[in-house]
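Heads up, the thing below is written out as structure tokens.
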Amino acid sequence: MVLCLALLPSVWAMNAGKEEVGRWLAYYSDEALPQDFGGYSLLVLDSDHRPELEPLSERGKTLLGYLSLGEAEDYRHHFRDLVGSELLMAENPNWKGSYGIDIRQRRWTEKVIYELIPGLLHQGFDGIFLDTLDTPLHMEREEPERYRGMTEAAIRLVKTIRKHYPGIKIMLNRAYEILPQVAEDIDIVLGESVYADYDFKTKSYKRVPQALYERQLGYLNDAKRRNPSLEIFTLDYWEPQDREGIAAIYRVQRANGFKPYVATVALDQIIPEPRL
């Protein structure tokens, strides 16, 4: 009996480790404590408003720092360098204070490579989470003459990042149009709002239309075929009080072969997966 009791802590530790494998989250706040991340092995954290990284790293977490490539938020330390320059463009109507970036400019590439990424790695991040590349892609799609070259610039930027930082982990959010060209340059692709999303007009959570859902599955699975070692994560948004709805999203995305996380659109809370 004494032997069995002595073994219990190690058994619990083994089970906790197994529970973490394949689980990840995105969290953009600084209020959570290190123990709040116990069920997750990979964390995407904001580069400014975040918990202390060292206690998380000591617990074996893989830490990715947020980096907006296609937009610049007015509260970031580097925003003041962009004001009045040819890099800064229109404000995102859904996210006040976030402005488009002309990623075609060499100056932006140099800033990303020689300032922004080194700043993240110096903080203690293991890699980077590349966000908002959909913005310049959308701009060229909507106004092809005015924004010609945005797509090529996005491809070039991702490849340049990998060339300069071959050893870090890179997660790319969406950017489906360029996935065929960059699938081998990234470690993880994130499908954001694949199954469920937040409607900013009605201020409510809703299912993604079936046709769009299936189209995204096609993009993600095609990227996996191009790079079999590529991991596919999903981030869906849902009402946190609807535990059954959240559990259903997890089931759907795991059946797709993806690694899911479900949260609120603000990403300022840790929403545990329901145990139903």
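Naming scheme: A, B, ... for chains in displayed order of the structure tokens; residues 1 onward per chain; ligands 1 onward as shown.
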With a distance cut-off of 12 Å and only C-alpha atoms, select the neighbouring residues of A:Arg162, excluding the residue or stretch itself and same-chain residues fewer than 6 positions from it, and output the selection as an NGL selection string. :A and (112-113 or 117 or 127-128 or 130 or 155-156 or 168-172 or 182-187)
Please dump the current selection as a compact mmCIF listing (two decimals), in the first residue's frame; keep C-alpha atoms.
```
# COMPACT_ATOMS: atom_id res chain seq x y z
CA VAL A 112 11.05 43.13 -38.96
CA ILE A 113 14.32 41.27 -39.47
CA ILE A 117 12.13 39.70 -34.25
CA GLY A 127 9.64 31.70 -31.86
CA ILE A 128 7.10 33.99 -33.44
CA LEU A 130 2.96 35.99 -37.59
CA ILE A 155 5.72 35.57 -49.70
CA ARG A 156 9.12 37.23 -49.77
CA ILE A 168 13.11 29.35 -34.47
CA LYS A 169 9.54 28.07 -34.51
CA ILE A 170 7.26 30.04 -36.85
CA MET A 171 3.47 29.98 -36.76
CA LEU A 172 1.57 31.76 -39.55
CA VAL A 182 5.44 29.29 -47.83
CA ALA A 183 4.23 25.97 -46.38
CA GLU A 184 7.80 24.69 -46.20
CA ASP A 185 9.05 27.87 -44.52
CA ILE A 186 6.83 27.62 -41.44
CA ASP A 187 6.32 25.08 -38.66
```
Residues within 9 Å of stretch 90-92 of chain A, please, as a PyMOL selection string. Count only C-alpha atoms; anything in the same chain fewer than 4 positions from it doesn't count. chain A and resi 71+96-101+135
Polymer residues at most 12 Å from A:Ile232, only C-alpha atoms, same-chain spacing of 5 or more positions, as a ChimeraX atom specification: /A:22-24,171-174,183,186-192,194,216-217,219-225,227,253-254,256-261
Using C-alpha atoms, can you export the residues from the last selection as a short mmCIF file (atom, residue, chain, number, x, y, z; two decimals), in the first residue's frame?
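Listing of selection02.cif after writing:
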```
data_model
loop_
_atom_site.label_atom_id
_atom_site.label_comp_id
_atom_site.auth_asym_id
_atom_site.auth_seq_id
_atom_site.Cartn_x
_atom_site.Cartn_y
_atom_site.Cartn_z
CA GLY A 22 -0.91 18.89 -28.54
CA ARG A 23 -2.72 21.51 -26.49
CA TRP A 24 -2.04 25.17 -27.09
CA MET A 171 3.47 29.98 -36.76
CA LEU A 172 1.57 31.76 -39.55
CA ASN A 173 -2.02 32.88 -39.13
CA ARG A 174 -4.16 32.14 -42.18
CA ALA A 183 4.23 25.97 -46.38
CA ILE A 186 6.83 27.62 -41.44
CA ASP A 187 6.32 25.08 -38.66
CA ILE A 188 2.65 25.73 -37.88
CA VAL A 189 -0.25 27.22 -39.79
CA LEU A 190 -3.13 28.59 -37.77
CA GLY A 191 -6.64 28.44 -39.15
CA GLU A 192 -8.40 31.28 -37.35
CA VAL A 194 -12.38 28.04 -39.41
CA GLN A 216 -10.60 26.63 -45.38
CA LEU A 217 -10.27 22.90 -44.81
CA TYR A 219 -6.41 25.31 -47.90
CA LEU A 220 -5.13 23.75 -44.69
CA ASN A 221 -5.07 20.18 -45.96
CA ASP A 222 -3.33 21.26 -49.15
CA ALA A 223 -0.60 22.96 -47.09
CA LYS A 224 -0.17 19.73 -45.12
CA ARG A 225 0.27 17.78 -48.33
CA ASN A 227 4.75 19.98 -46.10
CA GLN A 253 -11.52 20.15 -35.27
CA ARG A 254 -9.85 17.08 -33.78
CA ASN A 256 -10.27 17.10 -38.97
CA GLY A 257 -6.83 16.19 -37.66
CA PHE A 258 -6.17 19.68 -36.27
CA LYS A 259 -5.03 20.96 -32.87
CA PRO A 260 -7.81 23.27 -31.65
CA TYR A 261 -8.28 26.06 -29.15
#
```
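You can rank A:Leu137, A:Gln241, A:Asn94, A:Gly70 by their closest distance to A:Trp108 using only C-alpha atoms, and at the top of that list sits A:Gly70.
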Show which residues sit within 10 Å of A:Ala153, as a ChimeraX atom specification. Count only C-alpha atoms, and ignore same-chain residues fewer than 6 positions away. /A:102-106,109,136-137,159
Please, could you write that set of residues out with C-alpha atoms as a PDB file, in the first residue's frame?
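Wrote it out as again.pdb, contents follow:
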```pdb
ATOM      1  CA  ASP A 102       2.838  48.692 -46.944  1.00  0.00           C
ATOM      2  CA  ILE A 103       4.838  45.492 -46.717  1.00  0.00           C
ATOM      3  CA  ARG A 104       6.318  46.105 -50.175  1.00  0.00           C
ATOM      4  CA  GLN A 105       8.714  48.620 -48.665  1.00  0.00           C
ATOM      5  CA  ARG A 106      12.236  47.394 -47.952  1.00  0.00           C
ATOM      6  CA  THR A 109      11.412  44.086 -44.032  1.00  0.00           C
ATOM      7  CA  PRO A 136      -2.182  43.367 -47.452  1.00  0.00           C
ATOM      8  CA  LEU A 137      -3.416  40.315 -49.373  1.00  0.00           C
ATOM      9  CA  LYS A 159      10.812  33.428 -46.696  1.00  0.00           C
TER      10      LYS A 159
END
```
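Counting only C-alpha atoms, the residue from A:Val262, A:Leu212, A:Leu33, A:Leu267 that sits nearest to A:Thr234 is A:Val262.
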Would you return as a ChimeraX atom specification the members of stretch 42-224 of chain A that DSSP assigns to alpha helix (DSSP H) on this structure's backbone? /A:53-58,79-82,106-111,117-123,134-142,150-164,179-182,210-224
What lies within 12 Å of A:His122 using only C-alpha atoms, ignoring chain neighbours under 4 positions off, as a VMD selection string? chain A and resid 47 53 to 54 65 115 to 118 126 to 128
DSSP on the backbone, strand (DSSP E or B) only: what residues of stretch 75-239 of chain A does that give? Format it as JSON, numbers by chain. {"A": [88, 89, 90, 91, 98, 99, 100, 101, 127, 128, 129, 130, 131, 169, 170, 171, 172, 173, 188, 189, 190, 191, 192, 196, 197, 198, 199, 204, 205, 206, 207, 231, 232, 233, 234, 235, 236, 237]}
With N, CA and C atoms kept, could you save the residues just selected as an mmCIF file, in the first residue's frame?
```cif
data_model
loop_
_atom_site.group_PDB
_atom_site.id
_atom_site.type_symbol
_atom_site.label_atom_id
_atom_site.label_comp_id
_atom_site.auth_asym_id
_atom_site.auth_seq_id
_atom_site.Cartn_x
_atom_site.Cartn_y
_atom_site.Cartn_z
ATOM 1 N N LEU A 88 2.779 53.504 -43.357
ATOM 2 C CA LEU A 88 1.500 53.457 -42.665
ATOM 3 C C LEU A 88 0.339 53.768 -43.609
ATOM 4 N N MET A 89 -0.712 52.924 -43.552
ATOM 5 C CA MET A 89 -1.856 53.090 -44.435
ATOM 6 C C MET A 89 -3.145 53.206 -43.614
ATOM 7 N N ALA A 90 -4.272 52.788 -44.191
ATOM 8 C CA ALA A 90 -5.581 53.027 -43.584
ATOM 9 C C ALA A 90 -5.785 52.213 -42.302
ATOM 10 N N GLU A 91 -6.676 52.716 -41.447
ATOM 11 C CA GLU A 91 -7.021 52.054 -40.198
ATOM 12 C C GLU A 91 -7.976 50.895 -40.461
ATOM 13 N N SER A 98 -5.432 50.161 -35.238
ATOM 14 C CA SER A 98 -4.548 49.266 -35.986
ATOM 15 C C SER A 98 -4.566 49.681 -37.450
ATOM 16 N N TYR A 99 -3.388 49.949 -37.990
ATOM 17 C CA TYR A 99 -3.268 50.510 -39.331
ATOM 18 C C TYR A 99 -2.508 49.560 -40.261
ATOM 19 N N GLY A 100 -2.945 49.534 -41.515
ATOM 20 C CA GLY A 100 -2.282 48.709 -42.507
ATOM 21 C C GLY A 100 -0.846 49.144 -42.737
ATOM 22 N N ILE A 101 -0.029 48.177 -43.158
ATOM 23 C CA ILE A 101 1.380 48.432 -43.451
ATOM 24 C C ILE A 101 1.644 48.120 -44.921
ATOM 25 N N GLY A 127 9.985 31.502 -30.462
ATOM 26 C CA GLY A 127 9.637 31.700 -31.859
ATOM 27 C C GLY A 127 8.623 32.807 -31.983
ATOM 28 N N ILE A 128 7.980 32.864 -33.140
ATOM 29 C CA ILE A 128 7.099 33.992 -33.436
ATOM 30 C C ILE A 128 5.778 33.519 -34.028
ATOM 31 N N PHE A 129 4.747 34.292 -33.737
ATOM 32 C CA PHE A 129 3.425 34.092 -34.321
ATOM 33 C C PHE A 129 3.166 35.256 -35.275
ATOM 34 N N LEU A 130 3.110 34.963 -36.561
ATOM 35 C CA LEU A 130 2.958 35.987 -37.594
ATOM 36 C C LEU A 130 1.482 36.214 -37.877
ATOM 37 N N ASP A 131 1.025 37.429 -37.624
ATOM 38 C CA ASP A 131 -0.387 37.755 -37.776
ATOM 39 C C ASP A 131 -0.591 38.869 -38.807
ATOM 40 N N LYS A 169 10.840 28.604 -34.112
ATOM 41 C CA LYS A 169 9.538 28.072 -34.509
ATOM 42 C C LYS A 169 8.688 29.224 -35.034
ATOM 43 N N ILE A 170 8.072 29.015 -36.206
ATOM 44 C CA ILE A 170 7.260 30.043 -36.854
ATOM 45 C C ILE A 170 5.846 29.519 -37.062
ATOM 46 N N MET A 171 4.878 30.260 -36.517
ATOM 47 C CA MET A 171 3.466 29.981 -36.763
ATOM 48 C C MET A 171 2.898 31.120 -37.612
ATOM 49 N N LEU A 172 2.183 30.778 -38.659
ATOM 50 C CA LEU A 172 1.569 31.762 -39.547
ATOM 51 C C LEU A 172 0.060 31.680 -39.441
ATOM 52 N N ASN A 173 -0.570 32.824 -39.212
ATOM 53 C CA ASN A 173 -2.021 32.877 -39.134
ATOM 54 C C ASN A 173 -2.623 33.051 -40.525
ATOM 55 N N ILE A 188 4.056 25.857 -38.230
ATOM 56 C CA ILE A 188 2.647 25.725 -37.876
ATOM 57 C C ILE A 188 1.842 26.720 -38.688
ATOM 58 N N VAL A 189 0.717 26.289 -39.213
ATOM 59 C CA VAL A 189 -0.246 27.218 -39.788
ATOM 60 C C VAL A 189 -1.466 27.238 -38.880
ATOM 61 N N LEU A 190 -1.952 28.437 -38.609
ATOM 62 C CA LEU A 190 -3.127 28.595 -37.769
ATOM 63 C C LEU A 190 -4.331 28.939 -38.638
ATOM 64 N N GLY A 191 -5.373 28.118 -38.517
ATOM 65 C CA GLY A 191 -6.640 28.439 -39.155
ATOM 66 C C GLY A 191 -7.508 29.174 -38.147
ATOM 67 N N GLU A 192 -7.574 30.484 -38.271
ATOM 68 C CA GLU A 192 -8.398 31.281 -37.350
ATOM 69 C C GLU A 192 -9.811 31.389 -37.890
ATOM 70 N N ALA A 196 -16.010 28.589 -36.310
ATOM 71 C CA ALA A 196 -16.864 29.548 -35.599
ATOM 72 C C ALA A 196 -16.132 30.874 -35.473
ATOM 73 N N ASP A 197 -16.903 31.967 -35.475
ATOM 74 C CA ASP A 197 -16.304 33.297 -35.521
ATOM 75 C C ASP A 197 -17.131 34.270 -34.695
ATOM 76 N N TYR A 198 -16.611 35.495 -34.592
ATOM 77 C CA TYR A 198 -17.316 36.578 -33.895
ATOM 78 C C TYR A 198 -17.767 37.603 -34.917
ATOM 79 N N ASP A 199 -19.038 37.980 -34.867
ATOM 80 C CA ASP A 199 -19.603 38.971 -35.774
ATOM 81 C C ASP A 199 -19.528 40.338 -35.095
ATOM 82 N N SER A 204 -21.915 39.073 -31.723
ATOM 83 C CA SER A 204 -22.305 37.729 -31.301
ATOM 84 C C SER A 204 -21.436 36.696 -32.005
ATOM 85 N N TYR A 205 -21.395 35.504 -31.407
ATOM 86 C CA TYR A 205 -20.633 34.406 -31.987
ATOM 87 C C TYR A 205 -21.548 33.604 -32.906
ATOM 88 N N LYS A 206 -20.971 33.054 -33.981
ATOM 89 C CA LYS A 206 -21.792 32.332 -34.945
ATOM 90 C C LYS A 206 -20.945 31.313 -35.695
ATOM 91 N N ARG A 207 -21.627 30.347 -36.279
ATOM 92 C CA ARG A 207 -20.981 29.369 -37.143
ATOM 93 C C ARG A 207 -20.509 30.037 -38.427
ATOM 94 N N GLU A 231 2.354 21.456 -38.825
ATOM 95 C CA GLU A 231 1.275 21.265 -37.861
ATOM 96 C C GLU A 231 0.146 22.247 -38.173
ATOM 97 N N ILE A 232 -1.085 21.795 -37.994
ATOM 98 C CA ILE A 232 -2.237 22.649 -38.241
ATOM 99 C C ILE A 232 -2.968 22.890 -36.928
ATOM 100 N N PHE A 233 -2.982 24.152 -36.498
ATOM 101 C CA PHE A 233 -3.719 24.572 -35.311
ATOM 102 C C PHE A 233 -4.964 25.326 -35.765
ATOM 103 N N THR A 234 -5.998 25.305 -34.948
ATOM 104 C CA THR A 234 -7.179 26.112 -35.228
ATOM 105 C C THR A 234 -7.545 26.953 -34.012
ATOM 106 N N LEU A 235 -8.070 28.130 -34.287
ATOM 107 C CA LEU A 235 -8.538 29.040 -33.248
ATOM 108 C C LEU A 235 -9.948 29.485 -33.621
ATOM 109 N N ASP A 236 -10.917 29.002 -32.864
ATOM 110 C CA ASP A 236 -12.311 29.374 -33.106
ATOM 111 C C ASP A 236 -12.834 30.166 -31.924
ATOM 112 N N TYR A 237 -13.814 31.014 -32.186
ATOM 113 C CA TYR A 237 -14.371 31.879 -31.156
ATOM 114 C C TYR A 237 -15.811 31.482 -30.843
#
```
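Considering only C-alpha atoms, the residue among A:Arg59, A:Arg146, A:Lys163, A:Arg76 positioned nearest to A:Tyr40 is A:Arg59.
Rounded to one decimal, atom CA of A:Leu87 and atom CA of A:Ala72 lie 9.7 Å from each other.
Straight-line separation from atom CA of A:Thr264 to atom CA of A:Val44: 14.7 Å.
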